[in-house]
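Here is the file structure05.txt (compact mmCIF, C-alpha atoms).
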# COMPACT_ATOMS: atom_id res chain seq x y z
CA MET A 1 41.09 125.22 -19.53
CA ARG A 2 42.13 128.43 -17.82
CA ILE A 3 39.67 131.35 -17.98
CA HIS A 4 41.29 134.78 -18.01
CA PRO A 5 39.61 137.70 -16.28
CA GLY A 6 37.51 139.68 -18.71
CA SER A 7 37.11 136.73 -21.03
CA VAL A 8 33.87 136.57 -23.04
CA ILE A 9 33.27 133.02 -21.74
CA GLN A 10 33.34 134.07 -18.08
CA PRO A 11 29.88 135.75 -17.93
CA TYR A 12 28.30 132.66 -19.47
CA ILE A 13 29.88 130.39 -16.87
CA LEU A 14 28.75 132.71 -14.08
CA ARG A 15 25.21 132.67 -15.43
CA TYR A 16 25.10 128.87 -15.51
CA VAL A 17 26.44 128.70 -11.94
CA VAL A 18 23.72 131.07 -10.73
CA LEU A 19 21.04 129.15 -12.59
CA GLY A 20 22.35 125.88 -11.14
CA LEU A 21 22.20 127.23 -7.60
CA PHE A 22 18.67 128.52 -8.19
CA ALA A 23 17.50 125.16 -9.52
CA THR A 24 19.06 123.32 -6.58
CA SER A 25 17.36 125.68 -4.12
CA ALA A 26 14.00 125.27 -5.85
CA GLY A 27 14.42 121.49 -5.82
CA LEU A 28 15.12 121.45 -2.10
CA CYS A 29 12.05 123.61 -1.47
CA GLY A 30 9.98 121.18 -3.52
CA VAL A 31 11.27 118.21 -1.50
CA THR A 32 10.36 120.02 1.72
CA GLU A 33 6.86 120.75 0.44
CA VAL A 34 6.34 117.09 -0.58
CA ALA A 35 7.60 115.91 2.83
CA ASP A 36 5.19 118.29 4.56
CA ALA A 37 2.32 117.09 2.36
CA GLN A 38 3.07 113.44 3.21
CA THR A 39 3.13 114.02 6.97
CA PRO A 40 0.00 112.29 8.35
CA PRO A 41 -2.37 114.42 10.44
CA ALA A 42 -2.25 114.05 14.20
CA ILE A 43 -4.99 111.85 15.68
CA GLU A 44 -6.56 112.63 19.05
CA TYR A 45 -8.13 109.80 21.04
CA ARG A 46 -10.82 109.78 23.73
CA VAL A 47 -11.55 106.67 25.82
CA LEU A 48 -15.04 106.16 27.25
CA ALA A 49 -15.67 103.66 30.05
CA THR A 50 -18.82 102.99 32.04
CA THR A 51 -20.63 100.24 33.92
CA LYS A 52 -23.99 101.30 32.42
CA THR A 53 -24.79 100.74 28.76
CA SER A 54 -27.31 103.59 28.76
CA THR A 55 -24.55 105.95 29.91
CA MET A 56 -22.25 104.77 27.13
CA GLU A 57 -24.75 105.72 24.41
CA LYS A 58 -25.05 109.21 25.91
CA GLU A 59 -21.27 109.64 26.15
CA LEU A 60 -20.73 108.37 22.60
CA ASN A 61 -23.10 110.97 21.18
CA GLU A 62 -21.52 113.71 23.29
CA ALA A 63 -18.10 112.72 21.94
CA SER A 64 -19.50 112.72 18.41
CA GLU A 65 -20.69 116.30 18.84
CA ALA A 66 -17.06 117.19 19.61
CA GLY A 67 -15.92 115.58 16.33
CA PHE A 68 -14.96 112.12 17.63
CA GLN A 69 -15.86 108.90 15.80
CA PHE A 70 -16.13 105.34 17.13
CA GLN A 71 -13.06 103.11 16.63
CA ALA A 72 -13.27 100.06 18.94
CA VAL A 73 -15.24 98.51 21.80
CA MET A 74 -14.46 95.91 24.46
CA GLY A 75 -16.30 94.70 27.54
CA GLY A 76 -14.69 93.15 30.60
CA ASP A 77 -13.29 93.63 34.07
CA THR A 78 -10.98 96.62 34.46
CA GLU A 79 -8.66 97.13 37.42
CA PHE A 80 -10.68 99.87 39.11
CA GLY A 81 -14.05 100.00 37.36
CA GLY A 82 -15.10 96.38 37.69
CA SER A 83 -17.15 95.14 34.73
CA GLU A 84 -17.15 97.95 32.16
CA VAL A 85 -17.81 98.69 28.53
CA VAL A 86 -14.77 100.53 27.15
CA VAL A 87 -14.95 102.44 23.84
CA VAL A 88 -12.15 104.17 21.94
CA THR A 89 -13.03 107.18 19.76
CA SER A 90 -10.80 109.42 17.65
CA ARG A 91 -10.74 112.67 15.71
CA THR A 92 -8.36 114.65 13.52
CA SER A 93 -7.96 118.40 13.34
CA GLY A 94 -11.04 120.01 11.83
CA SER A 95 -13.25 116.93 12.27
CA LYS A 96 -16.95 117.75 12.12
CA SER A 97 -19.75 115.78 13.68
CA HIS A 98 -22.09 113.98 11.32
CA TYR A 99 -22.48 110.67 13.20
CA ARG A 100 -25.07 109.51 15.71
CA TYR A 101 -24.76 106.40 17.86
CA ARG A 102 -27.07 103.81 19.34
CA LEU A 103 -26.10 101.08 21.77
CA LEU A 104 -28.06 97.84 22.00
CA ALA A 105 -27.65 95.51 24.98
CA THR A 106 -29.65 92.39 25.79
CA SER A 107 -29.29 88.86 27.11
CA LYS A 108 -31.99 87.63 24.70
CA THR A 109 -30.72 87.02 21.19
CA SER A 110 -34.25 87.23 19.78
CA SER A 111 -34.57 90.75 21.21
CA MET A 112 -31.22 91.75 19.72
CA GLN A 113 -32.29 90.62 16.24
CA LYS A 114 -35.47 92.71 16.48
CA GLU A 115 -33.79 95.81 17.89
CA LEU A 116 -30.91 95.58 15.43
CA GLN A 117 -33.25 95.53 12.45
CA GLU A 118 -35.38 98.37 13.81
CA ALA A 119 -32.25 100.51 14.17
CA ALA A 120 -31.06 99.53 10.67
CA ASP A 121 -34.38 100.68 9.22
CA GLU A 122 -33.57 104.11 10.69
CA GLY A 123 -30.17 104.17 8.97
CA PHE A 124 -27.92 102.83 11.75
CA GLU A 125 -25.16 100.40 10.82
CA TYR A 126 -23.18 97.86 12.85
CA GLN A 127 -19.75 99.01 14.05
CA GLY A 128 -18.75 96.56 16.79
CA GLN A 129 -19.91 94.13 19.46
CA THR A 130 -18.75 92.77 22.78
CA VAL A 131 -20.04 90.96 25.86
CA PHE A 132 -20.79 92.90 29.01
CA LYS A 133 -21.59 91.50 32.46
CA SER A 134 -24.53 93.53 33.72
CA THR A 135 -25.86 93.63 37.27
CA PHE A 136 -29.22 92.06 36.46
CA GLY A 137 -29.07 90.57 32.96
CA GLY A 138 -26.12 88.25 33.23
CA GLU A 139 -23.71 88.57 30.33
CA GLU A 140 -25.30 90.78 27.72
CA VAL A 141 -24.38 91.08 24.06
CA VAL A 142 -23.63 94.75 23.34
CA CYS A 143 -23.72 96.23 19.83
CA ILE A 144 -22.53 99.69 18.82
CA LEU A 145 -24.42 101.17 15.87
CA GLU A 146 -23.53 104.30 13.89
CA ARG A 147 -25.59 106.49 11.57
CA ASP A 148 -23.91 108.82 9.10
CA THR A 149 -26.28 111.77 8.77
CA ASN A 150 -24.63 112.71 5.44
CA SER A 151 -25.15 109.29 3.87
CA ASN A 152 -28.00 108.13 1.65
CA ALA A 153 -26.72 104.56 1.38
CA PRO A 154 -29.26 101.74 0.97
CA ARG A 155 -30.65 100.27 4.18
CA SER A 156 -29.29 96.98 5.51
CA GLU A 157 -30.88 93.75 6.65
CA TYR A 158 -29.37 91.93 9.63
CA LYS A 159 -29.36 88.34 10.75
CA LEU A 160 -28.24 87.19 14.19
CA VAL A 161 -27.10 83.60 14.60
CA ALA A 162 -26.84 82.29 18.17
CA THR A 163 -25.99 78.73 19.13
CA SER A 164 -23.95 76.73 21.61
CA LYS A 165 -22.68 74.32 18.93
CA THR A 166 -20.01 75.23 16.39
CA SER A 167 -21.39 72.69 13.93
CA THR A 168 -24.79 74.42 14.08
CA LEU A 169 -23.11 77.80 13.69
CA GLU A 170 -21.40 76.70 10.49
CA LYS A 171 -24.63 75.27 9.07
CA GLU A 172 -26.62 78.44 9.79
CA LEU A 173 -23.86 80.72 8.49
CA ARG A 174 -23.68 78.71 5.26
CA GLU A 175 -27.42 79.15 4.83
CA ALA A 176 -27.16 82.88 5.54
CA GLY A 177 -24.17 83.26 3.21
CA ALA A 178 -26.08 81.60 0.39
CA THR A 179 -28.56 84.49 0.50
CA GLY A 180 -25.89 87.20 0.56
CA PHE A 181 -25.31 87.77 4.28
CA GLN A 182 -21.75 88.66 5.31
CA VAL A 183 -20.50 88.08 8.87
CA LEU A 184 -19.44 91.27 10.65
CA GLY A 185 -18.50 90.05 14.12
CA MET A 186 -18.86 87.32 16.71
CA THR A 187 -18.75 87.01 20.49
CA VAL A 188 -19.01 84.21 23.01
CA GLY A 189 -20.93 84.85 26.19
CA LYS A 190 -23.23 83.46 28.81
CA THR A 191 -26.74 84.72 28.20
CA ALA A 192 -29.61 84.61 30.68
CA PHE A 193 -31.44 81.79 28.91
CA GLY A 194 -29.15 80.18 26.37
CA GLY A 195 -26.15 79.39 28.55
CA LYS A 196 -22.83 79.75 26.74
CA GLU A 197 -23.58 80.88 23.21
CA LEU A 198 -21.72 81.88 20.08
CA VAL A 199 -23.38 85.01 18.72
CA ALA A 200 -22.59 86.05 15.15
CA ILE A 201 -24.07 89.07 13.38
CA ALA A 202 -24.36 89.18 9.59
CA ARG A 203 -25.54 91.84 7.16
CA ARG A 204 -26.67 92.28 3.56
CA VAL A 205 -28.18 95.10 1.55
CA LYS A 206 -31.90 95.06 2.22
CA PRO A 207 -33.84 93.74 -0.79
CA GLN A 208 -36.06 96.36 -2.39

Would you mind giving the structure from this file in structure tokens?
Amino acid sequence: MRIHPGSVIQPYILRYVVLGLFATSAGLCGVTEVADAQTPPAIEYRVLATTKTSTMEKELNEASEAGFQFQAVMGGDTEFGGSEVVVVTSRTSGSKSHYRYRLLATSKTSSMQKELQEAADEGFEYQGQTVFKSTFGGEEVVCILERDTNSNAPRSEYKLVATSKTSTLEKELREAGATGFQVLGMTVGKTAFGGKELVAIARRVKPQ
């Protein structure tokens, strides 16, 4: 249909065209806003590496004060540092510190059980474990513990299972599992007294 200039219909068509353009523009703006909202925040990483476990605990807490949180741990021989404990931490923009860290390291599994439970009674929770070759203690089991100062979660009870036989490990884990313990991590290392051992750490909510 041909529209003549000055026709009564023409203003209505013009109005609908303008409204259509406005709606399209608004829709595009909305898509842009949704895309911006879905963009994940940038993550900054800091890697800590040291040959001394006591130094690692100090550096972890210093990183925490700057807003970083523990992500992963590994012990082993690095190209330049020799035998080191290496920890990865991360933070996002605006991260605030409300975590404290404790590092446990021993070649005696009985000592680890005791120290782990003492730390748990103070509110620290297991985050990771590895094996670290120390100068004097042989291969030590290293545990990283974290305490959220904003959390009032119930305290945990820990059980450490250490054995050189996989059949024994399964038996002891079955017994622990029957009472509610859940395995968190496991390492294999050569301890000062036990030789090559499988060390598994399990946790449950501490009975009231």

For Thr55 (chain A), which residue among A:Arg155, A:Phe68, A:Leu103, A:Gln117 is the nearest when counting all atoms listed in the file?
->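 Nearest candidate to Thr55 (chain A) out of A:Arg155, A:Phe68, A:Leu103, A:Gln117: A:Leu103.
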
Given all atoms listed in the file as the counted atoms, nearest of A:Thr130, A:Thr149, A:Ser156, A:Gln182 to Ala105 (chain A) =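 Residue with the minimum atom-to-atom distance to Ala105 (chain A): A:Thr130.
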
Could you jot down the CA of Glu157 (chain A) to CA of Cys143 (chain A) separation for me, Å, one decimal place?
->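 Answer for the CA of Glu157 (chain A) to CA of Cys143 (chain A) separation: 15.2 Å.
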
May I ask which of the residues A:Val73, A:Val183, A:Ile144, A:Ala200 is the closest one to Ala119 (chain A), counting all atoms listed in the file?
-> A:Ile144

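Relative to CA of Glu125 (chain A), CA of Ser93 (chain A) is found at 25.0 Å.
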
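Distance annotation: of A:Met186, A:Leu116, A:Ser167, A:Val85, the residue with the minimal separation from Ala49 (chain A) is A:Val85; atom set is all atoms listed in the file.
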
Taking all atoms listed in the file into account, which of A:Leu160, A:Leu169, A:Ile201, A:Ala176 comes nearest Gln129 (chain A)?
-> A:Ile201

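Here CA of Gln69 (chain A) and CA of Glu84 (chain A) stand 19.7 Å from one another.
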
Of the residues A:Leu198, A:Leu48, A:Ile43, A:Ala178, which is the one nearest to Lys165 (chain A), using only C-alpha atoms?
-> A:Leu198

Residues at most 12 Å from Lys206 (chain A), counting all atoms listed in the file, excluding those fewer than 6 positions away in the same chain, as number ranges by chain?
-> A: 117, 120-121, 123, 153-159, 179-181

Residues within 8 Å of Thr106 (chain A), all atoms listed in the file, excluding chain neighbours under 3 positions, as an MDAnalysis selection string = chainID A and resid 109 111:112 137 140:142

Contact residues around Pro41 (chain A) with only C-alpha atoms at 10 Å, ignoring same-chain residues under 3 positions, as a ChimeraX atom specification | /A:37-38,44,92-93

C-alpha atoms of the current selection, written as a compact mmCIF listing (two decimals), keeping the file's coordinate frame:
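As written to disk, part_26.txt reads:
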# COMPACT_ATOMS: atom_id res chain seq x y z
CA ALA A 37 2.32 117.09 2.36
CA GLN A 38 3.07 113.44 3.21
CA GLU A 44 -6.56 112.63 19.05
CA THR A 92 -8.36 114.65 13.52
CA SER A 93 -7.96 118.40 13.34

If you take every atom of region 41-49 of chain A that the file lists and fit an axis-aligned box around them with 5 Å extra on each side, what centre and edge lengths come out in Å to one decimal, as lines of an AutoDock Vina configuration file?
center_x = -9.0
center_y = 109.0
center_z = 20.2
size_x = 23.4
size_y = 20.8
size_z = 29.6

Write region 83-94 of chain A as a PDB file, keeping the file's coordinate frame, completed to all heavy atoms.
ATOM      1  N   SER A  83     -16.691  95.510  36.053  1.00  0.00           N
ATOM      2  CA  SER A  83     -17.150  95.140  34.730  1.00  0.00           C
ATOM      3  C   SER A  83     -17.588  96.398  33.979  1.00  0.00           C
ATOM      4  O   SER A  83     -18.540  97.064  34.368  1.00  0.00           O
ATOM      5  CB  SER A  83     -18.303  94.147  34.820  1.00  0.00           C
ATOM      6  OG  SER A  83     -18.696  93.718  33.543  1.00  0.00           O
ATOM      7  N   GLU A  84     -16.883  96.715  32.902  1.00  0.00           N
ATOM      8  CA  GLU A  84     -17.150  97.950  32.160  1.00  0.00           C
ATOM      9  C   GLU A  84     -17.201  97.697  30.663  1.00  0.00           C
ATOM     10  O   GLU A  84     -16.614  96.746  30.157  1.00  0.00           O
ATOM     11  CB  GLU A  84     -16.058  98.990  32.424  1.00  0.00           C
ATOM     12  CG  GLU A  84     -16.017  99.549  33.826  1.00  0.00           C
ATOM     13  CD  GLU A  84     -14.973 100.653  33.942  1.00  0.00           C
ATOM     14  OE1 GLU A  84     -13.828 100.444  33.518  1.00  0.00           O
ATOM     15  OE2 GLU A  84     -15.328 101.736  34.452  1.00  0.00           O
ATOM     16  N   VAL A  85     -17.905  98.590  29.977  1.00  0.00           N
ATOM     17  CA  VAL A  85     -17.810  98.690  28.530  1.00  0.00           C
ATOM     18  C   VAL A  85     -16.843  99.815  28.240  1.00  0.00           C
ATOM     19  O   VAL A  85     -17.007 100.941  28.736  1.00  0.00           O
ATOM     20  CB  VAL A  85     -19.178  98.989  27.886  1.00  0.00           C
ATOM     21  CG1 VAL A  85     -19.014  99.201  26.381  1.00  0.00           C
ATOM     22  CG2 VAL A  85     -20.148  97.854  28.138  1.00  0.00           C
ATOM     23  N   VAL A  86     -15.791  99.529  27.466  1.00  0.00           N
ATOM     24  CA  VAL A  86     -14.770 100.530  27.150  1.00  0.00           C
ATOM     25  C   VAL A  86     -14.787 100.778  25.639  1.00  0.00           C
ATOM     26  O   VAL A  86     -14.709  99.837  24.845  1.00  0.00           O
ATOM     27  CB  VAL A  86     -13.365 100.060  27.580  1.00  0.00           C
ATOM     28  CG1 VAL A  86     -12.328 101.130  27.246  1.00  0.00           C
ATOM     29  CG2 VAL A  86     -13.347  99.743  29.068  1.00  0.00           C
ATOM     30  N   VAL A  87     -14.897 102.044  25.256  1.00  0.00           N
ATOM     31  CA  VAL A  87     -14.950 102.440  23.840  1.00  0.00           C
ATOM     32  C   VAL A  87     -13.839 103.428  23.542  1.00  0.00           C
ATOM     33  O   VAL A  87     -13.580 104.338  24.326  1.00  0.00           O
ATOM     34  CB  VAL A  87     -16.325 103.064  23.500  1.00  0.00           C
ATOM     35  CG1 VAL A  87     -16.285 103.745  22.132  1.00  0.00           C
ATOM     36  CG2 VAL A  87     -17.417 102.008  23.517  1.00  0.00           C
ATOM     37  N   VAL A  88     -13.181 103.234  22.404  1.00  0.00           N
ATOM     38  CA  VAL A  88     -12.150 104.170  21.940  1.00  0.00           C
ATOM     39  C   VAL A  88     -12.734 104.974  20.771  1.00  0.00           C
ATOM     40  O   VAL A  88     -13.290 104.399  19.829  1.00  0.00           O
ATOM     41  CB  VAL A  88     -10.879 103.436  21.472  1.00  0.00           C
ATOM     42  CG1 VAL A  88      -9.873 104.430  20.887  1.00  0.00           C
ATOM     43  CG2 VAL A  88     -10.259 102.676  22.634  1.00  0.00           C
ATOM     44  N   THR A  89     -12.605 106.299  20.847  1.00  0.00           N
ATOM     45  CA  THR A  89     -13.030 107.180  19.760  1.00  0.00           C
ATOM     46  C   THR A  89     -11.834 108.024  19.330  1.00  0.00           C
ATOM     47  O   THR A  89     -10.860 108.160  20.076  1.00  0.00           O
ATOM     48  CB  THR A  89     -14.173 108.109  20.199  1.00  0.00           C
ATOM     49  OG1 THR A  89     -13.708 108.975  21.258  1.00  0.00           O
ATOM     50  CG2 THR A  89     -15.367 107.307  20.703  1.00  0.00           C
ATOM     51  N   SER A  90     -11.901 108.596  18.140  1.00  0.00           N
ATOM     52  CA  SER A  90     -10.800 109.420  17.650  1.00  0.00           C
ATOM     53  C   SER A  90     -11.305 110.553  16.781  1.00  0.00           C
ATOM     54  O   SER A  90     -12.429 110.510  16.262  1.00  0.00           O
ATOM     55  CB  SER A  90      -9.801 108.566  16.859  1.00  0.00           C
ATOM     56  OG  SER A  90     -10.362 108.189  15.618  1.00  0.00           O
ATOM     57  N   ARG A  91     -10.441 111.565  16.613  1.00  0.00           N
ATOM     58  CA  ARG A  91     -10.740 112.670  15.710  1.00  0.00           C
ATOM     59  C   ARG A  91      -9.430 113.261  15.202  1.00  0.00           C
ATOM     60  O   ARG A  91      -8.388 113.119  15.842  1.00  0.00           O
ATOM     61  CB  ARG A  91     -11.579 113.758  16.376  1.00  0.00           C
ATOM     62  CG  ARG A  91     -10.833 114.582  17.420  1.00  0.00           C
ATOM     63  CD  ARG A  91     -11.702 115.683  17.993  1.00  0.00           C
ATOM     64  NE  ARG A  91     -10.978 116.451  19.013  1.00  0.00           N
ATOM     65  CZ  ARG A  91     -11.521 117.426  19.744  1.00  0.00           C
ATOM     66  NH1 ARG A  91     -12.798 117.735  19.566  1.00  0.00           N
ATOM     67  NH2 ARG A  91     -10.792 118.073  20.639  1.00  0.00           N
ATOM     68  N   THR A  92      -9.490 113.903  14.047  1.00  0.00           N
ATOM     69  CA  THR A  92      -8.360 114.650  13.520  1.00  0.00           C
ATOM     70  C   THR A  92      -8.720 116.129  13.532  1.00  0.00           C
ATOM     71  O   THR A  92      -9.887 116.501  13.746  1.00  0.00           O
ATOM     72  CB  THR A  92      -8.030 114.210  12.086  1.00  0.00           C
ATOM     73  OG1 THR A  92      -9.218 114.335  11.273  1.00  0.00           O
ATOM     74  CG2 THR A  92      -7.545 112.775  12.048  1.00  0.00           C
ATOM     75  N   SER A  93      -7.739 116.959  13.310  1.00  0.00           N
ATOM     76  CA  SER A  93      -7.960 118.400  13.340  1.00  0.00           C
ATOM     77  C   SER A  93      -9.014 118.787  12.303  1.00  0.00           C
ATOM     78  O   SER A  93      -8.957 118.383  11.149  1.00  0.00           O
ATOM     79  CB  SER A  93      -6.655 119.137  13.051  1.00  0.00           C
ATOM     80  OG  SER A  93      -6.858 120.527  13.012  1.00  0.00           O
ATOM     81  N   GLY A  94      -9.992 119.546  12.742  1.00  0.00           N
ATOM     82  CA  GLY A  94     -11.040 120.010  11.830  1.00  0.00           C
ATOM     83  C   GLY A  94     -12.174 119.029  11.641  1.00  0.00           C
ATOM     84  O   GLY A  94     -13.065 119.257  10.816  1.00  0.00           O
TER      85      GLY A  94
END
